[in-house]
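J.: Mind having a look at this structure? Questions to follow.
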Amino acid sequence: GFEPTTPEGTFYIMARSPDPDDEAFAARMAAEDLYILPGSTVAMPGWFRISLTATDSMVDAAAERFAKAPAPA
């Protein structure tokens with residue numbers, strides 16, 4: 001249910017935040033032990049950045065946490 005960008009030779013991917021407040025979304029994800037970079041940090045408000053350098057087991061665990069992403073307050 002996330003809208004990703006296509007990586008262009010980088011080690012990360014950007015995805016649209018389900019909450020327009022990408023910093024609030026990143027904080028909620030951090031509370032679930034899932035660390036993402038708010039897009040506002042890199043001049044892309046409303047998006048977030050995910051590292052592509054994780055192991056398969058890390059990706060599987062993250063996918064489960066993203067699926068249960070808390071809704072905006």
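Chain labels A, B, ... are given in the sequence in which chains occur in the structure tokens; within each chain residues are numbered consecutively from 1, and ligands are likewise numbered from 1 in the order shown.
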What's the 12 Å shell around Ala61 of chain A, counting only C-alpha atoms, without same-chain residues fewer than 6 positions away, as a PyMOL selection string?
T.: chain A and resi 32-34+54-55+67-68
J.: Skip Met44 of chain A itself and residues of its chain fewer than 6 positions away, then list as a PyMOL selection string all residues within 12 Å of it, counting only C-alpha atoms.
T.: chain A and resi 5+14-17+20-23+37-38
J.: Just C-alpha atoms for this one: save the residues we selected as an mmCIF file, in the first residue's frame.
T.:
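result15.cif was written with the following content:
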```cif
data_model
loop_
_atom_site.group_PDB
_atom_site.id
_atom_site.type_symbol
_atom_site.label_atom_id
_atom_site.label_comp_id
_atom_site.auth_asym_id
_atom_site.auth_seq_id
_atom_site.Cartn_x
_atom_site.Cartn_y
_atom_site.Cartn_z
ATOM 1 C CA THR A 5 10.144 5.597 -6.120
ATOM 2 C CA MET A 14 11.846 6.733 -1.106
ATOM 3 C CA ALA A 15 8.173 6.029 -0.399
ATOM 4 C CA ARG A 16 5.230 8.343 0.157
ATOM 5 C CA SER A 17 4.323 8.602 3.827
ATOM 6 C CA PRO A 20 1.416 13.901 5.346
ATOM 7 C CA ASP A 21 3.570 14.653 8.409
ATOM 8 C CA ASP A 22 6.508 12.431 7.471
ATOM 9 C CA GLU A 23 8.375 13.317 10.667
ATOM 10 C CA LEU A 37 14.488 8.846 7.492
ATOM 11 C CA PRO A 38 11.727 11.472 7.157
#
```
J.: Measure the distance from atom CA of Thr53 of chain A to atom CA of Thr6 of chain A in Å and round it to one decimal.
T.: 15.4 Å
J.: Could you give me, as a list of chain:residue names, each residue of segment 26-68 of chain A that DSSP assigns to alpha helix (DSSP H) when run on this structure's backbone?
T.: A:Ala26, A:Ala27, A:Arg28, A:Met29, A:Ala30, A:Ala31, A:Asp56, A:Ser57, A:Met58, A:Val59, A:Asp60, A:Ala61, A:Ala62, A:Ala63, A:Glu64, A:Arg65, A:Phe66, A:Ala67
J.: Give me a file of those residues, with N, CA and C atoms, as a PDB file, in the first residue's frame.
T.:
```
ATOM      1  N   ALA A  26       7.655   8.904  10.917  1.00  0.00           N
ATOM      2  CA  ALA A  26       8.960   8.322  11.265  1.00  0.00           C
ATOM      3  C   ALA A  26       9.058   8.100  12.777  1.00  0.00           C
ATOM      4  N   ALA A  27       8.528   9.013  13.563  1.00  0.00           N
ATOM      5  CA  ALA A  27       8.553   8.858  15.021  1.00  0.00           C
ATOM      6  C   ALA A  27       7.699   7.667  15.447  1.00  0.00           C
ATOM      7  N   ARG A  28       6.527   7.504  14.829  1.00  0.00           N
ATOM      8  CA  ARG A  28       5.679   6.353  15.161  1.00  0.00           C
ATOM      9  C   ARG A  28       6.357   5.043  14.766  1.00  0.00           C
ATOM     10  N   MET A  29       7.038   5.031  13.636  1.00  0.00           N
ATOM     11  CA  MET A  29       7.745   3.824  13.207  1.00  0.00           C
ATOM     12  C   MET A  29       8.913   3.525  14.156  1.00  0.00           C
ATOM     13  N   ALA A  30       9.603   4.558  14.616  1.00  0.00           N
ATOM     14  CA  ALA A  30      10.711   4.361  15.557  1.00  0.00           C
ATOM     15  C   ALA A  30      10.202   3.725  16.852  1.00  0.00           C
ATOM     16  N   ALA A  31       8.996   4.086  17.267  1.00  0.00           N
ATOM     17  CA  ALA A  31       8.410   3.485  18.464  1.00  0.00           C
ATOM     18  C   ALA A  31       8.152   1.993  18.265  1.00  0.00           C
ATOM     19  N   ASP A  56      17.774 -10.225   4.361  1.00  0.00           N
ATOM     20  CA  ASP A  56      16.425 -10.693   4.047  1.00  0.00           C
ATOM     21  C   ASP A  56      15.551 -10.778   5.297  1.00  0.00           C
ATOM     22  N   SER A  57      16.117 -11.249   6.394  1.00  0.00           N
ATOM     23  CA  SER A  57      15.322 -11.364   7.620  1.00  0.00           C
ATOM     24  C   SER A  57      14.932  -9.983   8.156  1.00  0.00           C
ATOM     25  N   MET A  58      15.822  -9.005   7.995  1.00  0.00           N
ATOM     26  CA  MET A  58      15.497  -7.645   8.417  1.00  0.00           C
ATOM     27  C   MET A  58      14.369  -7.070   7.558  1.00  0.00           C
ATOM     28  N   VAL A  59      14.412  -7.336   6.265  1.00  0.00           N
ATOM     29  CA  VAL A  59      13.368  -6.850   5.355  1.00  0.00           C
ATOM     30  C   VAL A  59      12.028  -7.492   5.709  1.00  0.00           C
ATOM     31  N   ASP A  60      12.035  -8.800   5.981  1.00  0.00           N
ATOM     32  CA  ASP A  60      10.795  -9.486   6.359  1.00  0.00           C
ATOM     33  C   ASP A  60      10.206  -8.887   7.634  1.00  0.00           C
ATOM     34  N   ALA A  61      11.041  -8.644   8.636  1.00  0.00           N
ATOM     35  CA  ALA A  61      10.562  -8.059   9.895  1.00  0.00           C
ATOM     36  C   ALA A  61      10.031  -6.650   9.669  1.00  0.00           C
ATOM     37  N   ALA A  62      10.718  -5.880   8.848  1.00  0.00           N
ATOM     38  CA  ALA A  62      10.273  -4.510   8.557  1.00  0.00           C
ATOM     39  C   ALA A  62       8.947  -4.515   7.813  1.00  0.00           C
ATOM     40  N   ALA A  63       8.789  -5.440   6.871  1.00  0.00           N
ATOM     41  CA  ALA A  63       7.540  -5.507   6.100  1.00  0.00           C
ATOM     42  C   ALA A  63       6.352  -5.742   7.029  1.00  0.00           C
ATOM     43  N   GLU A  64       6.532  -6.605   8.020  1.00  0.00           N
ATOM     44  CA  GLU A  64       5.460  -6.852   8.991  1.00  0.00           C
ATOM     45  C   GLU A  64       5.134  -5.589   9.777  1.00  0.00           C
ATOM     46  N   ARG A  65       6.160  -4.846  10.159  1.00  0.00           N
ATOM     47  CA  ARG A  65       5.936  -3.615  10.933  1.00  0.00           C
ATOM     48  C   ARG A  65       5.264  -2.541  10.067  1.00  0.00           C
ATOM     49  N   PHE A  66       5.680  -2.435   8.809  1.00  0.00           N
ATOM     50  CA  PHE A  66       5.036  -1.474   7.909  1.00  0.00           C
ATOM     51  C   PHE A  66       3.557  -1.819   7.708  1.00  0.00           C
ATOM     52  N   ALA A  67       3.264  -3.109   7.605  1.00  0.00           N
ATOM     53  CA  ALA A  67       1.871  -3.533   7.407  1.00  0.00           C
ATOM     54  C   ALA A  67       0.997  -3.131   8.595  1.00  0.00           C
TER      55      ALA A  67
END
```
J.: Could you state the separation of atom CA of Ala69 of chain A and atom CA of Thr10 of chain A in Å, given to one decimal place?
T.: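 These two atoms are separated by 25.1 Å.
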J.: Could you pull out the strand (DSSP E or B) residues of chain A, going by DSSP on the backbone, and write them as number ranges by chain?
T.: A: 4, 12-16, 37-38, 47-51
J.: Quick one: write out the picked residues with N, CA and C atoms as a tab-separated table (two decimals), in the first residue's frame?
T.:
```tsv
chain	number	residue	atom	x	y	z
A	4	PRO	N	6.26	3.71	-3.78
A	4	PRO	CA	7.72	3.89	-3.78
A	4	PRO	C	8.22	4.60	-5.04
A	12	TYR	N	19.09	3.18	-1.21
A	12	TYR	CA	17.85	3.50	-0.50
A	12	TYR	C	16.73	3.69	-1.51
A	13	ILE	N	15.51	3.69	-0.98
A	13	ILE	CA	14.32	3.94	-1.79
A	13	ILE	C	13.46	4.93	-1.02
A	14	MET	N	12.78	5.79	-1.72
A	14	MET	CA	11.85	6.73	-1.11
A	14	MET	C	10.43	6.19	-1.29
A	15	ALA	N	9.58	6.42	-0.31
A	15	ALA	CA	8.17	6.03	-0.40
A	15	ALA	C	7.32	7.15	0.19
A	16	ARG	N	6.14	7.32	-0.36
A	16	ARG	CA	5.23	8.34	0.16
A	16	ARG	C	4.74	7.93	1.54
A	37	LEU	N	14.10	7.44	7.53
A	37	LEU	CA	14.49	8.85	7.49
A	37	LEU	C	13.32	9.65	6.94
A	38	PRO	N	12.81	10.64	7.69
A	38	PRO	CA	11.73	11.47	7.16
A	38	PRO	C	12.21	12.20	5.90
A	47	TRP	N	7.39	12.22	2.26
A	47	TRP	CA	8.00	10.96	1.85
A	47	TRP	C	8.90	10.48	2.98
A	48	PHE	N	9.39	9.24	2.88
A	48	PHE	CA	10.38	8.73	3.82
A	48	PHE	C	11.36	7.85	3.06
A	49	ARG	N	12.54	7.67	3.64
A	49	ARG	CA	13.61	6.92	2.98
A	49	ARG	C	13.89	5.63	3.74
A	50	ILE	N	14.05	4.54	2.98
A	50	ILE	CA	14.32	3.22	3.52
A	50	ILE	C	15.65	2.73	2.96
A	51	SER	N	16.50	2.17	3.80
A	51	SER	CA	17.76	1.59	3.36
A	51	SER	C	17.52	0.27	2.65
```
J.: Which one of A:Pro7, A:Ala43, A:Phe2, A:Ala71 sits closest to Ala24 of chain A if you count only C-alpha atoms?
T.: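 Of all the options, A:Ala71 lies closest to Ala24 of chain A.
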